[in-house]
Structures are given as structure tokens and as C-alpha cells.
file my_file-v9.cif (mmCIF, N, CA and C atoms)
data_model
loop_
_atom_site.label_atom_id
_atom_site.label_comp_id
_atom_site.auth_asym_id
_atom_site.auth_seq_id
_atom_site.Cartn_x
_atom_site.Cartn_y
_atom_site.Cartn_z
N ARG A 1 -29.82 -4.92 0.61
CA ARG A 1 -29.35 -3.54 0.57
C ARG A 1 -28.84 -3.12 1.92
N ARG A 2 -27.93 -2.21 1.87
CA ARG A 2 -27.37 -1.69 3.12
C ARG A 2 -28.33 -0.70 3.75
N ILE A 3 -28.28 -0.60 5.04
CA ILE A 3 -29.16 0.28 5.79
C ILE A 3 -28.94 1.74 5.40
N SER A 4 -27.70 2.11 5.15
CA SER A 4 -27.40 3.51 4.83
C SER A 4 -27.96 3.93 3.48
N GLY A 5 -28.35 2.96 2.66
CA GLY A 5 -28.88 3.29 1.34
C GLY A 5 -27.81 3.38 0.27
N ARG A 6 -26.55 3.38 0.68
CA ARG A 6 -25.46 3.43 -0.31
C ARG A 6 -25.25 2.04 -0.88
N GLN A 7 -25.03 1.98 -2.15
CA GLN A 7 -24.74 0.72 -2.82
C GLN A 7 -23.24 0.49 -2.84
N PRO A 8 -22.78 -0.75 -2.64
CA PRO A 8 -21.36 -1.02 -2.78
C PRO A 8 -20.92 -0.76 -4.22
N ALA A 9 -19.69 -0.36 -4.39
CA ALA A 9 -19.14 -0.15 -5.73
C ALA A 9 -18.97 -1.50 -6.41
N SER A 10 -18.47 -1.48 -7.63
CA SER A 10 -18.28 -2.73 -8.36
C SER A 10 -17.40 -3.70 -7.57
N ASP A 11 -17.51 -4.96 -7.88
CA ASP A 11 -16.77 -6.03 -7.22
C ASP A 11 -17.17 -6.20 -5.75
N GLY A 12 -18.29 -5.59 -5.34
CA GLY A 12 -18.72 -5.72 -3.95
C GLY A 12 -17.93 -4.88 -2.97
N LEU A 13 -17.12 -3.95 -3.47
CA LEU A 13 -16.32 -3.09 -2.61
C LEU A 13 -17.07 -1.80 -2.34
N THR A 14 -16.84 -1.25 -1.15
CA THR A 14 -17.40 0.07 -0.86
C THR A 14 -16.58 1.11 -1.61
N GLU A 15 -17.10 2.32 -1.66
CA GLU A 15 -16.38 3.40 -2.34
C GLU A 15 -15.00 3.63 -1.71
N THR A 16 -14.94 3.59 -0.39
CA THR A 16 -13.66 3.81 0.29
C THR A 16 -12.70 2.68 0.00
N GLU A 17 -13.19 1.44 -0.02
CA GLU A 17 -12.33 0.31 -0.35
C GLU A 17 -11.78 0.43 -1.76
N VAL A 18 -12.59 0.90 -2.69
CA VAL A 18 -12.12 1.10 -4.06
C VAL A 18 -11.01 2.16 -4.09
N GLN A 19 -11.21 3.26 -3.36
CA GLN A 19 -10.19 4.31 -3.33
C GLN A 19 -8.89 3.79 -2.74
N VAL A 20 -8.97 3.09 -1.62
CA VAL A 20 -7.77 2.56 -0.97
C VAL A 20 -7.08 1.54 -1.88
N ALA A 21 -7.86 0.64 -2.48
CA ALA A 21 -7.29 -0.38 -3.36
C ALA A 21 -6.62 0.25 -4.57
N ALA A 22 -7.25 1.27 -5.14
CA ALA A 22 -6.67 1.92 -6.31
C ALA A 22 -5.34 2.58 -5.97
N LEU A 23 -5.28 3.27 -4.85
CA LEU A 23 -4.03 3.93 -4.46
C LEU A 23 -2.95 2.91 -4.14
N ALA A 24 -3.32 1.84 -3.45
CA ALA A 24 -2.35 0.79 -3.13
C ALA A 24 -1.87 0.10 -4.40
N GLY A 25 -2.78 -0.14 -5.33
CA GLY A 25 -2.42 -0.78 -6.59
C GLY A 25 -1.52 0.07 -7.45
N ARG A 26 -1.54 1.37 -7.20
CA ARG A 26 -0.66 2.30 -7.93
C ARG A 26 0.67 2.51 -7.21
N GLY A 27 0.88 1.74 -6.13
CA GLY A 27 2.18 1.76 -5.47
C GLY A 27 2.31 2.69 -4.28
N ARG A 28 1.24 3.32 -3.86
CA ARG A 28 1.34 4.20 -2.70
C ARG A 28 1.49 3.40 -1.42
N SER A 29 2.22 3.93 -0.48
CA SER A 29 2.39 3.28 0.82
C SER A 29 1.13 3.48 1.65
N ASN A 30 0.97 2.66 2.68
CA ASN A 30 -0.18 2.82 3.57
C ASN A 30 -0.21 4.21 4.20
N ARG A 31 0.95 4.71 4.56
CA ARG A 31 1.04 6.04 5.17
C ARG A 31 0.61 7.12 4.17
N ALA A 32 1.04 7.00 2.92
CA ALA A 32 0.65 7.97 1.90
C ALA A 32 -0.84 7.91 1.62
N ILE A 33 -1.40 6.71 1.59
CA ILE A 33 -2.84 6.55 1.37
C ILE A 33 -3.60 7.20 2.52
N ALA A 34 -3.16 6.94 3.75
CA ALA A 34 -3.81 7.50 4.93
C ALA A 34 -3.82 9.03 4.86
N ALA A 35 -2.70 9.61 4.49
CA ALA A 35 -2.61 11.07 4.41
C ALA A 35 -3.53 11.63 3.33
N GLU A 36 -3.56 10.96 2.19
CA GLU A 36 -4.37 11.44 1.07
C GLU A 36 -5.87 11.34 1.36
N LEU A 37 -6.27 10.29 2.06
CA LEU A 37 -7.70 10.06 2.32
C LEU A 37 -8.13 10.52 3.71
N PHE A 38 -7.22 11.16 4.45
CA PHE A 38 -7.52 11.69 5.78
C PHE A 38 -8.04 10.61 6.72
N MET A 39 -7.27 9.53 6.85
CA MET A 39 -7.61 8.45 7.77
C MET A 39 -6.33 7.92 8.38
N GLY A 40 -6.45 7.11 9.39
CA GLY A 40 -5.28 6.53 10.03
C GLY A 40 -4.71 5.37 9.24
N VAL A 41 -3.44 5.09 9.48
CA VAL A 41 -2.78 3.98 8.80
C VAL A 41 -3.48 2.66 9.13
N SER A 42 -3.91 2.49 10.38
CA SER A 42 -4.59 1.25 10.75
C SER A 42 -5.92 1.11 10.01
N THR A 43 -6.56 2.22 9.69
CA THR A 43 -7.81 2.18 8.93
C THR A 43 -7.52 1.75 7.49
N VAL A 44 -6.45 2.25 6.93
CA VAL A 44 -6.03 1.82 5.59
C VAL A 44 -5.78 0.32 5.60
N GLU A 45 -5.06 -0.16 6.60
CA GLU A 45 -4.76 -1.59 6.70
C GLU A 45 -6.05 -2.42 6.79
N MET A 46 -7.02 -1.92 7.55
CA MET A 46 -8.30 -2.62 7.68
C MET A 46 -9.00 -2.69 6.32
N HIS A 47 -9.04 -1.57 5.61
CA HIS A 47 -9.68 -1.57 4.29
C HIS A 47 -8.97 -2.51 3.33
N LEU A 48 -7.64 -2.49 3.34
CA LEU A 48 -6.90 -3.38 2.45
C LEU A 48 -7.16 -4.85 2.77
N SER A 49 -7.26 -5.18 4.04
CA SER A 49 -7.56 -6.56 4.43
C SER A 49 -8.90 -6.99 3.86
N ARG A 50 -9.88 -6.11 3.94
CA ARG A 50 -11.21 -6.42 3.40
C ARG A 50 -11.17 -6.55 1.89
N VAL A 51 -10.42 -5.66 1.24
CA VAL A 51 -10.30 -5.71 -0.22
C VAL A 51 -9.68 -7.03 -0.65
N TYR A 52 -8.57 -7.41 0.00
CA TYR A 52 -7.90 -8.66 -0.36
C TYR A 52 -8.87 -9.84 -0.21
N ARG A 53 -9.64 -9.84 0.87
CA ARG A 53 -10.59 -10.94 1.09
C ARG A 53 -11.69 -10.93 0.04
N LYS A 54 -12.28 -9.77 -0.20
CA LYS A 54 -13.40 -9.67 -1.14
C LYS A 54 -12.99 -10.01 -2.57
N LEU A 55 -11.80 -9.59 -2.96
CA LEU A 55 -11.33 -9.84 -4.33
C LEU A 55 -10.55 -11.15 -4.46
N ASP A 56 -10.32 -11.81 -3.33
CA ASP A 56 -9.56 -13.06 -3.29
C ASP A 56 -8.19 -12.90 -3.94
N ILE A 57 -7.48 -11.86 -3.49
CA ILE A 57 -6.11 -11.64 -3.93
C ILE A 57 -5.20 -11.62 -2.72
N ARG A 58 -3.90 -11.75 -2.95
CA ARG A 58 -2.98 -11.90 -1.84
C ARG A 58 -1.90 -10.84 -1.74
N SER A 59 -1.84 -9.92 -2.71
CA SER A 59 -0.74 -8.96 -2.69
C SER A 59 -1.12 -7.67 -3.41
N ARG A 60 -0.26 -6.69 -3.28
CA ARG A 60 -0.46 -5.43 -4.02
C ARG A 60 -0.31 -5.64 -5.52
N ALA A 61 0.48 -6.63 -5.90
CA ALA A 61 0.58 -6.94 -7.34
C ALA A 61 -0.79 -7.36 -7.86
N GLY A 62 -1.53 -8.10 -7.04
CA GLY A 62 -2.88 -8.48 -7.40
C GLY A 62 -3.79 -7.28 -7.54
N LEU A 63 -3.55 -6.25 -6.72
CA LEU A 63 -4.32 -5.02 -6.84
C LEU A 63 -4.03 -4.33 -8.17
N GLY A 64 -2.78 -4.37 -8.59
CA GLY A 64 -2.42 -3.80 -9.88
C GLY A 64 -3.14 -4.51 -11.02
N GLN A 65 -3.22 -5.83 -10.94
CA GLN A 65 -3.95 -6.59 -11.96
C GLN A 65 -5.43 -6.25 -11.93
N TRP A 66 -5.98 -6.09 -10.73
CA TRP A 66 -7.39 -5.73 -10.59
C TRP A 66 -7.65 -4.36 -11.22
N LEU A 67 -6.72 -3.40 -10.97
CA LEU A 67 -6.86 -2.08 -11.58
C LEU A 67 -6.85 -2.17 -13.10
N ALA A 68 -5.93 -2.96 -13.63
CA ALA A 68 -5.83 -3.11 -15.08
C ALA A 68 -7.10 -3.72 -15.65
N SER A 69 -7.69 -4.67 -14.93
CA SER A 69 -8.92 -5.30 -15.42
C SER A 69 -10.09 -4.33 -15.43
N ARG A 70 -10.03 -3.29 -14.59
CA ARG A 70 -11.06 -2.25 -14.55
C ARG A 70 -10.79 -1.14 -15.56
N GLY A 71 -9.64 -1.20 -16.21
CA GLY A 71 -9.28 -0.14 -17.13
C GLY A 71 -8.63 1.05 -16.45
N ASP A 72 -8.23 0.86 -15.19
CA ASP A 72 -7.57 1.92 -14.40
C ASP A 72 -6.08 1.62 -14.32
N GLY A 73 -5.38 1.83 -15.40
CA GLY A 73 -3.95 1.56 -15.38
C GLY A 73 -3.23 2.38 -14.35
N PRO A 74 -1.94 2.09 -14.13
CA PRO A 74 -1.19 2.82 -13.12
C PRO A 74 -1.11 4.30 -13.45
N GLN A 75 -1.56 5.09 -12.51
CA GLN A 75 -1.50 6.55 -12.66
C GLN A 75 -0.80 7.10 -11.43
N GLY A 76 -0.09 8.21 -11.59
CA GLY A 76 0.65 8.83 -10.50
C GLY A 76 -0.13 9.06 -9.34
#

call {"tool": "encode", "arguments": {"input": "my_file-v9.cif", "output": "C-alpha cells"}}
result
Amino acid sequence: RRISGRQPASDGLTETEVQVAALAGRGRSNRAIAAELFMGVSTVEMHLSRVYRKLDIRSRAGLGQWLASRGDGPQG
């Protein structure tokens, strides 16, 4: 368990990683994700790098497939 007491979300991702991955999988740019989640673009890039590694995917297209497998189809 993590020290903070928070449990990772499904697929071993943190809540923030899930949010970033979902927005990226829906086609949002890193800059748009950063603005929506109130973080820097470099922070978005860091989260995406971790998501790609944890899910063993290589592209945003893979994120779209991951979203579909979760039942989270593309939404605006």
C-alpha cells in the first residue's frame, strides 16, 4: 500500500494518470490537458510517460483502445 493511503486506480494507474490518459485518448493536446487539469505541460508529459510504461502501450492510439476496453468511448 502507498504511504498516503490512496489506492491506485484500475490498471495500476493513479487517479491523475487515469485523468491524463483519458483526455489524451480522447484526442486532447498536452497543452489542453494541462489547462484543464491545472498543471504544467511537462507534468502532463511525465504522467503520459508513466501511463505508457504501466499499460505497455506506445501511442495515443493505444490510449484510445485502452479507453474503449474500459467502456469509456471517445467523448468530447

call {"tool": "closest_residue", "arguments": {"input": "my_file-v9.cif", "among": "A:Gln19, A:Ala35, A:Gly25, A:Thr14", "to": "A:Ser59", "atoms": "only C-alpha atoms"}}
result
A:Gly25

call {"tool": "atom_distance", "arguments": {"input": "my_file-v9.cif", "atom1": "atom C of A:Met46", "atom2": "atom C of A:Leu67"}}
result
19.5 Å

call {"tool": "atom_distance", "arguments": {"input": "my_file-v9.cif", "atom1": "atom CA of A:Lys54", "atom2": "atom CA of A:Ala22"}}
result
14.4 Å

call {"tool": "atom_distance", "arguments": {"input": "my_file-v9.cif", "atom1": "atom C of A:Ala21", "atom2": "atom CA of A:Ser49"}}
result
11.3 Å

call {"tool": "select_by_dssp", "arguments": {"input": "my_file-v9.cif", "residues": "chain A", "states": "helix (DSSP H, G or I)", "output": "ChimeraX atom specification"}}
result
/A:10-12,15-25,30-37,41-55,60-69

call {"tool": "closest_residue", "arguments": {"input": "my_file-v9.cif", "among": "A:Arg60, A:Trp66, A:Asp72, A:Gly12", "to": "A:Gly27", "atoms": "all atoms listed in the file"}}
result
A:Arg60

call {"tool": "build_atoms", "arguments": {"input": "my_file-v9.cif", "residues": "stretch 47-58 of chain A", "atoms": "all heavy atoms", "output": "PDB file, in the coordinates of the input"}}
result
ATOM      1  N   HIS A  47      -9.040  -1.570   5.610  1.00  0.00           N
ATOM      2  CA  HIS A  47      -9.680  -1.570   4.290  1.00  0.00           C
ATOM      3  C   HIS A  47      -8.970  -2.510   3.330  1.00  0.00           C
ATOM      4  O   HIS A  47      -9.622  -3.240   2.572  1.00  0.00           O
ATOM      5  CB  HIS A  47      -9.736  -0.155   3.710  1.00  0.00           C
ATOM      6  CG  HIS A  47     -10.768   0.717   4.341  1.00  0.00           C
ATOM      7  ND1 HIS A  47     -12.112   0.428   4.341  1.00  0.00           N
ATOM      8  CD2 HIS A  47     -10.659   1.888   5.004  1.00  0.00           C
ATOM      9  CE1 HIS A  47     -12.778   1.379   4.961  1.00  0.00           C
ATOM     10  NE2 HIS A  47     -11.909   2.282   5.387  1.00  0.00           N
ATOM     11  N   LEU A  48      -7.640  -2.490   3.340  1.00  0.00           N
ATOM     12  CA  LEU A  48      -6.900  -3.380   2.450  1.00  0.00           C
ATOM     13  C   LEU A  48      -7.160  -4.850   2.770  1.00  0.00           C
ATOM     14  O   LEU A  48      -7.302  -5.669   1.858  1.00  0.00           O
ATOM     15  CB  LEU A  48      -5.398  -3.087   2.510  1.00  0.00           C
ATOM     16  CG  LEU A  48      -4.939  -1.845   1.767  1.00  0.00           C
ATOM     17  CD1 LEU A  48      -3.460  -1.576   2.034  1.00  0.00           C
ATOM     18  CD2 LEU A  48      -5.195  -1.983   0.276  1.00  0.00           C
ATOM     19  N   SER A  49      -7.260  -5.180   4.040  1.00  0.00           N
ATOM     20  CA  SER A  49      -7.560  -6.560   4.430  1.00  0.00           C
ATOM     21  C   SER A  49      -8.900  -6.990   3.860  1.00  0.00           C
ATOM     22  O   SER A  49      -9.049  -8.103   3.331  1.00  0.00           O
ATOM     23  CB  SER A  49      -7.596  -6.709   5.952  1.00  0.00           C
ATOM     24  OG  SER A  49      -6.314  -6.509   6.486  1.00  0.00           O
ATOM     25  N   ARG A  50      -9.880  -6.110   3.940  1.00  0.00           N
ATOM     26  CA  ARG A  50     -11.210  -6.420   3.400  1.00  0.00           C
ATOM     27  C   ARG A  50     -11.170  -6.550   1.890  1.00  0.00           C
ATOM     28  O   ARG A  50     -11.810  -7.427   1.309  1.00  0.00           O
ATOM     29  CB  ARG A  50     -12.208  -5.346   3.810  1.00  0.00           C
ATOM     30  CG  ARG A  50     -12.548  -5.398   5.268  1.00  0.00           C
ATOM     31  CD  ARG A  50     -13.536  -4.326   5.626  1.00  0.00           C
ATOM     32  NE  ARG A  50     -13.833  -4.366   7.053  1.00  0.00           N
ATOM     33  CZ  ARG A  50     -14.496  -3.442   7.692  1.00  0.00           C
ATOM     34  NH1 ARG A  50     -14.963  -2.386   7.047  1.00  0.00           N
ATOM     35  NH2 ARG A  50     -14.723  -3.556   8.979  1.00  0.00           N
ATOM     36  N   VAL A  51     -10.420  -5.660   1.240  1.00  0.00           N
ATOM     37  CA  VAL A  51     -10.300  -5.710  -0.220  1.00  0.00           C
ATOM     38  C   VAL A  51      -9.680  -7.030  -0.650  1.00  0.00           C
ATOM     39  O   VAL A  51     -10.175  -7.697  -1.570  1.00  0.00           O
ATOM     40  CB  VAL A  51      -9.473  -4.512  -0.743  1.00  0.00           C
ATOM     41  CG1 VAL A  51      -9.071  -4.703  -2.198  1.00  0.00           C
ATOM     42  CG2 VAL A  51     -10.245  -3.215  -0.562  1.00  0.00           C
ATOM     43  N   TYR A  52      -8.570  -7.410   0.000  1.00  0.00           N
ATOM     44  CA  TYR A  52      -7.900  -8.660  -0.360  1.00  0.00           C
ATOM     45  C   TYR A  52      -8.870  -9.840  -0.210  1.00  0.00           C
ATOM     46  O   TYR A  52      -8.924 -10.718  -1.075  1.00  0.00           O
ATOM     47  CB  TYR A  52      -6.681  -8.907   0.527  1.00  0.00           C
ATOM     48  CG  TYR A  52      -5.513  -7.968   0.284  1.00  0.00           C
ATOM     49  CD1 TYR A  52      -4.646  -7.642   1.316  1.00  0.00           C
ATOM     50  CD2 TYR A  52      -5.267  -7.417  -0.963  1.00  0.00           C
ATOM     51  CE1 TYR A  52      -3.561  -6.800   1.119  1.00  0.00           C
ATOM     52  CE2 TYR A  52      -4.185  -6.573  -1.174  1.00  0.00           C
ATOM     53  CZ  TYR A  52      -3.340  -6.273  -0.131  1.00  0.00           C
ATOM     54  OH  TYR A  52      -2.275  -5.448  -0.345  1.00  0.00           O
ATOM     55  N   ARG A  53      -9.640  -9.840   0.870  1.00  0.00           N
ATOM     56  CA  ARG A  53     -10.590 -10.940   1.090  1.00  0.00           C
ATOM     57  C   ARG A  53     -11.690 -10.930   0.040  1.00  0.00           C
ATOM     58  O   ARG A  53     -12.004 -11.959  -0.554  1.00  0.00           O
ATOM     59  CB  ARG A  53     -11.174 -10.841   2.492  1.00  0.00           C
ATOM     60  CG  ARG A  53     -12.144 -11.964   2.820  1.00  0.00           C
ATOM     61  CD  ARG A  53     -12.644 -11.921   4.255  1.00  0.00           C
ATOM     62  NE  ARG A  53     -12.767 -10.606   4.857  1.00  0.00           N
ATOM     63  CZ  ARG A  53     -13.837  -9.815   4.742  1.00  0.00           C
ATOM     64  NH1 ARG A  53     -14.886 -10.200   4.051  1.00  0.00           N
ATOM     65  NH2 ARG A  53     -13.860  -8.635   5.343  1.00  0.00           N
ATOM     66  N   LYS A  54     -12.280  -9.770  -0.200  1.00  0.00           N
ATOM     67  CA  LYS A  54     -13.400  -9.670  -1.140  1.00  0.00           C
ATOM     68  C   LYS A  54     -12.990 -10.010  -2.570  1.00  0.00           C
ATOM     69  O   LYS A  54     -13.765 -10.611  -3.322  1.00  0.00           O
ATOM     70  CB  LYS A  54     -14.017  -8.276  -1.109  1.00  0.00           C
ATOM     71  CG  LYS A  54     -14.816  -7.997   0.150  1.00  0.00           C
ATOM     72  CD  LYS A  54     -15.387  -6.593   0.129  1.00  0.00           C
ATOM     73  CE  LYS A  54     -16.231  -6.288   1.344  1.00  0.00           C
ATOM     74  NZ  LYS A  54     -16.807  -4.928   1.280  1.00  0.00           N
ATOM     75  N   LEU A  55     -11.800  -9.590  -2.960  1.00  0.00           N
ATOM     76  CA  LEU A  55     -11.330  -9.840  -4.330  1.00  0.00           C
ATOM     77  C   LEU A  55     -10.550 -11.150  -4.460  1.00  0.00           C
ATOM     78  O   LEU A  55     -10.164 -11.530  -5.564  1.00  0.00           O
ATOM     79  CB  LEU A  55     -10.442  -8.686  -4.805  1.00  0.00           C
ATOM     80  CG  LEU A  55     -11.107  -7.317  -4.900  1.00  0.00           C
ATOM     81  CD1 LEU A  55     -10.094  -6.275  -5.374  1.00  0.00           C
ATOM     82  CD2 LEU A  55     -12.316  -7.352  -5.826  1.00  0.00           C
ATOM     83  N   ASP A  56     -10.320 -11.810  -3.330  1.00  0.00           N
ATOM     84  CA  ASP A  56      -9.560 -13.060  -3.290  1.00  0.00           C
ATOM     85  C   ASP A  56      -8.190 -12.900  -3.940  1.00  0.00           C
ATOM     86  O   ASP A  56      -7.789 -13.652  -4.826  1.00  0.00           O
ATOM     87  CB  ASP A  56     -10.341 -14.198  -3.953  1.00  0.00           C
ATOM     88  CG  ASP A  56      -9.740 -15.570  -3.631  1.00  0.00           C
ATOM     89  OD1 ASP A  56      -9.143 -15.716  -2.543  1.00  0.00           O
ATOM     90  OD2 ASP A  56      -9.869 -16.482  -4.468  1.00  0.00           O
ATOM     91  N   ILE A  57      -7.480 -11.860  -3.490  1.00  0.00           N
ATOM     92  CA  ILE A  57      -6.110 -11.640  -3.930  1.00  0.00           C
ATOM     93  C   ILE A  57      -5.200 -11.620  -2.720  1.00  0.00           C
ATOM     94  O   ILE A  57      -5.653 -11.491  -1.586  1.00  0.00           O
ATOM     95  CB  ILE A  57      -5.955 -10.335  -4.764  1.00  0.00           C
ATOM     96  CG1 ILE A  57      -6.422  -9.129  -3.961  1.00  0.00           C
ATOM     97  CG2 ILE A  57      -6.709 -10.430  -6.059  1.00  0.00           C
ATOM     98  CD1 ILE A  57      -6.214  -7.822  -4.692  1.00  0.00           C
ATOM     99  N   ARG A  58      -3.900 -11.750  -2.950  1.00  0.00           N
ATOM    100  CA  ARG A  58      -2.980 -11.900  -1.840  1.00  0.00           C
ATOM    101  C   ARG A  58      -1.900 -10.840  -1.740  1.00  0.00           C
ATOM    102  O   ARG A  58      -1.107 -10.860  -0.810  1.00  0.00           O
ATOM    103  CB  ARG A  58      -2.308 -13.263  -1.945  1.00  0.00           C
ATOM    104  CG  ARG A  58      -3.283 -14.401  -2.108  1.00  0.00           C
ATOM    105  CD  ARG A  58      -2.900 -15.590  -1.281  1.00  0.00           C
ATOM    106  NE  ARG A  58      -3.729 -16.749  -1.521  1.00  0.00           N
ATOM    107  CZ  ARG A  58      -4.945 -16.927  -1.035  1.00  0.00           C
ATOM    108  NH1 ARG A  58      -5.495 -16.000  -0.328  1.00  0.00           N
ATOM    109  NH2 ARG A  58      -5.616 -18.028  -1.276  1.00  0.00           N
TER     110      ARG A  58
END
